[in-house]
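A.B. asks: My structure file coords.tsv, TSV, C-alpha atoms, is below:
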```tsv
chain	number	residue	atom	x	y	z
J	1	MET	CA	-13.93	26.60	-27.35
J	2	LYS	CA	-14.69	28.34	-24.05
J	3	ARG	CA	-15.96	26.20	-21.20
J	4	ASN	CA	-19.45	27.78	-21.15
J	5	GLU	CA	-19.81	27.20	-24.92
J	6	LYS	CA	-19.31	23.44	-24.57
J	7	PRO	CA	-22.24	21.01	-24.48
J	8	MET	CA	-23.79	20.76	-21.01
J	9	LYS	CA	-22.84	17.08	-20.57
J	10	GLU	CA	-19.18	17.94	-21.15
J	11	ARG	CA	-19.34	20.97	-18.86
J	12	ILE	CA	-20.84	18.81	-16.10
J	13	LEU	CA	-17.96	16.34	-16.38
J	14	GLU	CA	-15.33	19.08	-16.30
J	15	GLU	CA	-16.79	20.90	-13.31
J	16	ALA	CA	-17.48	17.66	-11.43
J	17	LEU	CA	-13.90	16.51	-12.06
J	18	GLN	CA	-12.59	19.80	-10.67
J	19	LEU	CA	-14.71	19.40	-7.54
J	20	PHE	CA	-13.86	15.70	-7.12
J	21	SER	CA	-10.14	16.56	-7.39
J	22	GLN	CA	-10.46	19.18	-4.64
J	23	ASN	CA	-13.02	17.65	-2.27
J	24	GLY	CA	-13.08	13.96	-3.19
J	25	TYR	CA	-16.03	12.07	-4.58
J	26	THR	CA	-17.80	11.66	-1.24
J	27	GLY	CA	-17.10	15.29	-0.32
J	28	THR	CA	-18.86	16.57	-3.43
J	29	SER	CA	-22.65	16.59	-3.79
J	30	MET	CA	-24.89	16.99	-6.81
J	31	ASN	CA	-25.85	20.35	-5.26
J	32	ASP	CA	-22.16	21.37	-5.33
J	33	ILE	CA	-21.88	20.45	-9.00
J	34	ALA	CA	-25.09	22.29	-9.87
J	35	ALA	CA	-23.96	25.39	-7.96
J	36	LYS	CA	-20.57	25.41	-9.73
J	37	LEU	CA	-22.38	25.27	-13.08
J	38	GLY	CA	-25.01	27.81	-12.06
J	39	VAL	CA	-27.88	25.42	-12.79
J	40	THR	CA	-30.45	23.54	-10.76
J	41	LYS	CA	-29.93	20.00	-9.53
J	42	ALA	CA	-32.90	19.00	-11.72
J	43	ALA	CA	-30.93	20.25	-14.76
J	44	LEU	CA	-28.08	17.86	-13.85
J	45	TYR	CA	-30.45	14.91	-13.67
J	46	LYS	CA	-31.53	15.57	-17.25
J	47	HIS	CA	-28.01	14.56	-18.30
J	48	TYR	CA	-26.82	12.14	-15.60
J	49	LYS	CA	-28.90	9.91	-13.33
J	50	SER	CA	-26.47	10.07	-10.41
J	51	LYS	CA	-23.12	11.28	-9.15
J	52	GLN	CA	-21.76	7.76	-9.73
J	53	GLU	CA	-22.76	7.98	-13.39
J	54	ILE	CA	-20.83	11.25	-13.63
J	55	LEU	CA	-17.76	9.59	-12.11
J	56	ASP	CA	-18.13	6.59	-14.44
J	57	SER	CA	-18.29	8.96	-17.41
J	58	ILE	CA	-15.13	10.74	-16.23
J	59	VAL	CA	-13.31	7.38	-15.99
J	60	GLU	CA	-14.53	6.46	-19.48
J	61	LYS	CA	-13.31	9.79	-20.84
J	62	ALA	CA	-9.93	9.23	-19.18
J	63	SER	CA	-9.57	5.86	-20.93
J	64	GLU	CA	-10.31	7.56	-24.25
J	65	TYR	CA	-7.93	10.45	-23.52
J	66	GLY	CA	-4.78	8.40	-24.07
J	67	LEU	CA	-1.65	8.32	-21.93
J	68	PRO	CA	1.86	9.10	-23.19
J	69	GLU	CA	3.01	5.47	-23.03
J	70	GLU	CA	-0.21	4.28	-24.69
J	71	GLN	CA	0.26	6.84	-27.46
J	72	GLN	CA	3.84	5.66	-28.01
J	73	GLY	CA	2.83	2.00	-27.92
J	74	GLU	CA	5.44	-0.74	-28.01
J	75	ASP	CA	7.50	1.05	-30.69
J	76	PHE	CA	9.38	2.95	-28.03
J	77	LEU	CA	10.55	-0.33	-26.55
J	78	SER	CA	11.03	-2.51	-29.58
J	79	GLU	CA	12.30	-0.47	-32.53
J	80	ARG	CA	15.74	0.35	-31.16
J	81	GLN	CA	17.96	0.46	-28.10
J	82	VAL	CA	16.60	3.00	-25.63
J	83	SER	CA	18.96	5.79	-24.55
J	84	TYR	CA	18.99	8.03	-21.47
J	85	ASP	CA	17.79	10.88	-23.70
J	86	ASP	CA	14.79	8.74	-24.69
J	87	ILE	CA	14.00	8.06	-21.05
J	88	LYS	CA	14.37	11.75	-20.20
J	89	THR	CA	12.04	12.80	-23.03
J	90	TYR	CA	9.46	10.17	-22.12
J	91	THR	CA	9.64	10.99	-18.40
J	92	LYS	CA	9.19	14.73	-18.93
J	93	GLU	CA	6.25	14.14	-21.27
J	94	GLN	CA	4.66	11.84	-18.71
J	95	PHE	CA	5.25	14.27	-15.86
J	96	SER	CA	3.86	17.23	-17.81
J	97	TYR	CA	0.84	15.17	-18.83
J	98	TRP	CA	-0.06	14.41	-15.21
J	99	THR	CA	0.71	17.88	-13.80
J	100	SER	CA	0.08	20.49	-16.51
J	101	GLU	CA	-2.83	19.32	-18.63
J	102	GLU	CA	-6.08	20.09	-16.83
J	103	PHE	CA	-8.04	16.88	-17.34
J	104	PRO	CA	-5.21	14.41	-16.55
J	105	SER	CA	-3.99	16.51	-13.62
J	106	CYS	CA	-7.43	16.58	-12.00
J	107	PHE	CA	-8.01	12.91	-12.81
J	108	ARG	CA	-4.70	11.99	-11.15
J	109	ARG	CA	-5.77	13.81	-7.99
J	110	VAL	CA	-9.17	12.08	-8.04
J	111	LEU	CA	-7.47	8.69	-8.34
J	112	THR	CA	-5.17	9.57	-5.44
J	113	LEU	CA	-8.11	10.59	-3.25
J	114	GLU	CA	-10.45	7.76	-4.22
J	115	GLN	CA	-8.10	4.76	-4.50
J	116	TYR	CA	-9.03	3.46	-1.02
J	117	ARG	CA	-12.79	4.04	-1.34
J	118	ASP	CA	-13.48	2.36	-4.64
J	119	PRO	CA	-11.71	-0.83	-5.83
J	120	GLU	CA	-11.98	0.23	-9.48
J	121	MET	CA	-10.39	3.60	-8.72
J	122	GLY	CA	-7.68	1.75	-6.79
J	123	ARG	CA	-7.05	-0.46	-9.82
J	124	LEU	CA	-6.84	2.57	-12.11
J	125	TYR	CA	-4.51	4.31	-9.66
J	126	GLN	CA	-2.16	1.32	-9.71
J	127	HIS	CA	-2.31	1.07	-13.49
J	128	TYR	CA	-1.68	4.74	-14.22
J	129	LEU	CA	0.46	5.88	-11.27
J	130	ALA	CA	2.11	2.94	-9.49
J	131	ASP	CA	2.45	-0.60	-10.91
J	132	GLY	CA	1.98	0.55	-14.51
J	133	PRO	CA	4.82	3.10	-14.60
J	134	ILE	CA	7.14	0.77	-12.65
J	135	ALA	CA	6.49	-2.07	-15.11
J	136	TYR	CA	7.08	0.23	-18.08
J	137	MET	CA	10.30	1.69	-16.65
J	138	THR	CA	11.49	-1.83	-15.77
J	139	GLN	CA	11.19	-2.76	-19.44
J	140	LEU	CA	13.25	0.29	-20.42
J	141	PHE	CA	15.98	-0.37	-17.85
J	142	ARG	CA	16.07	-4.07	-18.78
J	143	GLN	CA	17.70	-3.02	-22.05
J	144	MET	CA	20.53	-1.45	-20.03
J	145	THR	CA	21.09	-4.13	-17.40
J	146	ASP	CA	21.87	-7.82	-17.18
J	147	SER	CA	18.99	-8.94	-14.93
J	148	ASP	CA	15.27	-8.46	-14.36
J	149	THR	CA	15.87	-7.86	-10.64
J	150	LYS	CA	18.34	-5.05	-11.25
J	151	ALA	CA	16.06	-3.50	-13.86
J	152	ARG	CA	13.17	-3.45	-11.39
J	153	GLN	CA	15.33	-1.94	-8.63
J	154	LEU	CA	16.49	0.76	-11.04
J	155	ALA	CA	12.88	1.47	-12.03
J	156	LEU	CA	11.87	1.84	-8.37
J	157	ALA	CA	14.84	4.10	-7.61
J	158	PHE	CA	14.14	6.18	-10.69
J	159	TYR	CA	10.38	6.52	-10.30
J	160	GLY	CA	10.21	7.11	-6.52
J	161	PRO	CA	11.41	10.73	-6.61
J	162	LEU	CA	9.18	11.47	-9.61
J	163	TYR	CA	6.18	10.18	-7.68
J	164	LEU	CA	7.10	12.50	-4.80
J	165	LEU	CA	7.40	15.42	-7.23
J	166	TYR	CA	3.74	14.96	-8.22
J	167	SER	CA	2.85	15.76	-4.62
J	168	LEU	CA	5.24	18.71	-4.47
J	169	SER	CA	3.70	20.05	-7.68
J	170	ASP	CA	0.22	19.77	-6.13
J	171	GLY	CA	1.51	21.33	-2.92
J	172	GLY	CA	2.52	24.62	-4.45
J	173	TRP	CA	5.99	24.27	-5.94
J	174	SER	CA	6.24	26.44	-9.03
J	175	ARG	CA	6.17	24.72	-12.40
J	176	GLU	CA	9.73	25.90	-13.05
J	177	ALA	CA	11.01	24.51	-9.75
J	178	VAL	CA	9.32	21.15	-10.25
J	179	LEU	CA	10.57	20.74	-13.82
J	180	ALA	CA	14.07	21.74	-12.73
J	181	ALA	CA	13.89	19.04	-10.04
J	182	VAL	CA	12.70	16.49	-12.63
J	183	ASP	CA	15.61	17.42	-14.94
J	184	GLY	CA	18.11	17.30	-12.10
J	185	HIS	CA	16.90	13.90	-10.90
J	186	ILE	CA	17.08	12.35	-14.38
J	187	ASP	CA	20.53	13.81	-15.10
J	188	ARG	CA	21.96	12.66	-11.73
J	189	PHE	CA	20.45	9.21	-12.15
J	190	ALA	CA	21.94	8.83	-15.64
J	191	ALA	CA	25.35	10.08	-14.43
J	192	GLU	CA	25.39	7.59	-11.55
J	193	LEU	CA	24.43	4.69	-13.83
J	194	THR	CA	27.09	5.67	-16.35
J	195	ALA	CA	29.70	5.90	-13.58
J	196	ASP	CA	28.69	2.48	-12.24
J	197	ALA	CA	28.99	0.97	-15.72
J	198	ASP	CA	32.48	2.41	-16.16
J	199	ARG	CA	33.77	0.91	-12.90
```
Written as C-alpha cells, that's how I'd like the structure from this file.
C.D. replies:
Amino acid sequence: MKRNEKPMKERILEEALQLFSQNGYTGTSMNDIAAKLGVTKAALYKHYKSKQEILDSIVEKASEYGLPEEQQGEDFLSERQVSYDDIKTYTKEQFSYWTSEEFPSCFRRVLTLEQYRDPEMGRLYQHYLADGPIAYMTQLFRQMTDSDTKARQLALAFYGPLYLLYSLSDGGWSREAVLAAVDGHIDRFAAELTADADR
C-alpha cells in the first residue's frame, strides 16, 4: 500500500516519525507535520489532540512492532548451545532491523535524540539500544565462558563496535560498507575467542 493510500492516522504517525528522527521532537511543530502531509493543522487535530499524543502513539506502535530478540523469545537461549554462527545471524538481523527497516530506523534515531529530554524515551533507549542488548548478549556469551563477569566483558567488547556502526550508518556509510564492517567485526571477534580458548 502506498503511503498516501494509508489511513490518515497512520500517515500522520509515519510523517511525524520521519520529522522527529531528523529534527527531534522539540524541533518539530504541528505546522511542520501538517505541511509535510499537505493538510491543515486543524486536520491533524481531528486525529490527534497534541504532538505528545502523536509521539505516544509512535511509542505504542513501536512496542507492537516487535524486536528481533522479542520475536525469537527465550528459545534462542534455552533450546540448545548457542554457536558463533547463531550470534552472527542474530546480530546481523538486529543490525538490519535498526538500520534498514524504515520504522525501526527512524524510531532508533528518535530515541537517540530524545533520551535526555524525556525519561520514558531514555528508558526505552536503554532497553532497546544499551542495557537491553548488553544483557541479552551477556546471556549468550555466558554459555561460552566460565563466569558472569567475563560474559559481561565479552558482551561489552562485542557490542561496542556495533553501536558505533549504527552512527556510521546514519552518517553516510553505504549499506554495503557497514554490513561488511559488521561481518568483519563478528568474524574477528569469534576468531580471537577461539584462539584464546585454544591457548
A.B. asks: Between J:Ser105, J:Thr194, J:Ser29, J:Thr91, which is the closest to Ala155 of chain J once you count only C-alpha atoms?
C.D. replies: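 Among J:Ser105, J:Thr194, J:Ser29, J:Thr91, it is J:Thr91 that comes nearest to Ala155 of chain J.
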A.B. asks: Excluding Glu176 of chain J and its own-chain neighbours fewer than 5 positions away, which residues fall within 12 Å of it when counting all atoms listed in the file? Please give them as a list in words.
C.D. replies: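 Counting all atoms listed in the file, the residues come to Ser96, Ser100, Ser169, Ala181, Val182 and Asp183 of chain J.
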A.B. asks: Can you pull out the residues contacting Leu44 of chain J? Cut-off 12 Å, using only C-alpha atoms, and skip same-chain residues under 2 positions away; I want them as an mmCIF file with C-alpha atoms, in the coordinates of the input.
C.D. replies:
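As written to disk, selection27.cif reads:
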```cif
data_model
loop_
_atom_site.group_PDB
_atom_site.id
_atom_site.type_symbol
_atom_site.label_atom_id
_atom_site.label_comp_id
_atom_site.auth_asym_id
_atom_site.auth_seq_id
_atom_site.Cartn_x
_atom_site.Cartn_y
_atom_site.Cartn_z
ATOM 1 C CA MET J 8 -23.790 20.760 -21.010
ATOM 2 C CA LYS J 9 -22.840 17.080 -20.570
ATOM 3 C CA GLU J 10 -19.180 17.940 -21.150
ATOM 4 C CA ARG J 11 -19.340 20.970 -18.860
ATOM 5 C CA ILE J 12 -20.840 18.810 -16.100
ATOM 6 C CA LEU J 13 -17.960 16.340 -16.380
ATOM 7 C CA GLU J 15 -16.790 20.900 -13.310
ATOM 8 C CA ALA J 16 -17.480 17.660 -11.430
ATOM 9 C CA SER J 29 -22.650 16.590 -3.790
ATOM 10 C CA MET J 30 -24.890 16.990 -6.810
ATOM 11 C CA ASN J 31 -25.850 20.350 -5.260
ATOM 12 C CA ASP J 32 -22.160 21.370 -5.330
ATOM 13 C CA ILE J 33 -21.880 20.450 -9.000
ATOM 14 C CA ALA J 34 -25.090 22.290 -9.870
ATOM 15 C CA ALA J 35 -23.960 25.390 -7.960
ATOM 16 C CA LYS J 36 -20.570 25.410 -9.730
ATOM 17 C CA LEU J 37 -22.380 25.270 -13.080
ATOM 18 C CA GLY J 38 -25.010 27.810 -12.060
ATOM 19 C CA VAL J 39 -27.880 25.420 -12.790
ATOM 20 C CA THR J 40 -30.450 23.540 -10.760
ATOM 21 C CA LYS J 41 -29.930 20.000 -9.530
ATOM 22 C CA ALA J 42 -32.900 19.000 -11.720
ATOM 23 C CA LYS J 46 -31.530 15.570 -17.250
ATOM 24 C CA HIS J 47 -28.010 14.560 -18.300
ATOM 25 C CA TYR J 48 -26.820 12.140 -15.600
ATOM 26 C CA LYS J 49 -28.900 9.910 -13.330
ATOM 27 C CA SER J 50 -26.470 10.070 -10.410
ATOM 28 C CA LYS J 51 -23.120 11.280 -9.150
ATOM 29 C CA GLU J 53 -22.760 7.980 -13.390
ATOM 30 C CA ILE J 54 -20.830 11.250 -13.630
#
```
A.B. asks: Write out as a VMD selection string each polymer residue whose atoms come within 10 Å of Thr26 of chain J, counting all atoms listed in the file; drop sequence neighbours fewer than 5 positions from it.
C.D. replies: chain J and resid 20 51 113 to 114 117
A.B. asks: When you look at Ile87 of chain J with a cut-off of 10 Å (counting all atoms listed in the file), what residues show up, excluding the ones that are within fewer than 5 positions of it in the same chain? I need them as a list in words.
C.D. replies: Phe76, Val82, Lys92, Glu93, Met137, Leu140, Phe141, Ile186 and Ala190 of chain J
A.B. asks: Need the shell around segment 143-148 of chain J: protein/DNA/RNA residues with any atom at most 10 Å away, counting only C-alpha atoms. Skip same-chain ones fewer than 2 positions apart. Format as a list in words?
C.D. replies: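 Counting only C-alpha atoms, the residues come to Leu77, Arg80, Gln81, Val82, Ser83, Tyr84, Thr138, Gln139, Leu140, Phe141, Lys150, Ala151, Arg152, Gln153, Leu154, Leu193 and Ala197 of chain J.
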A.B. asks: Pull the neighbourhood of (-11.2, 10.5, -4.2) for me: all residues within 9 Å in file coordinates, counting only C-alpha atoms, as a PyMOL selection string.
C.D. replies: chain J and resi 20-27+109-118+121
A.B. asks: Atom CA of Phe103 of chain J and atom CA of Tyr65 of chain J, how far apart in Å?
C.D. replies: 8.9 Å
A.B. asks: Tell me which of J:Lys61, J:Arg108, J:Thr28, J:Leu165 sits closest to Gly122 of chain J, counting only C-alpha atoms.
C.D. replies: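 Closest to Gly122 of chain J of all the choices is J:Arg108.
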A.B. asks: What's the separation between atom CA of Leu179 of chain J and atom CA of Tyr97 of chain J, in Å to one decimal place?
C.D. replies: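 Rounded to one decimal, the two atoms are 12.3 Å apart.
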A.B. asks: One decimal, Å: what's the distance from atom CA of Ala157 of chain J over to atom CA of His185 of chain J, could you say?
C.D. replies: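 Between atom CA of Ala157 of chain J and atom CA of His185 of chain J the gap works out to 10.5 Å.
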A.B. asks: Given all atoms listed in the file as the basis, pick out the residue of J:Trp98, J:Trp173, J:Tyr128, J:Ile134 nearest to Leu156 of chain J.
C.D. replies: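 Checking each candidate against Leu156 of chain J, we get J:Ile134 as the closest.
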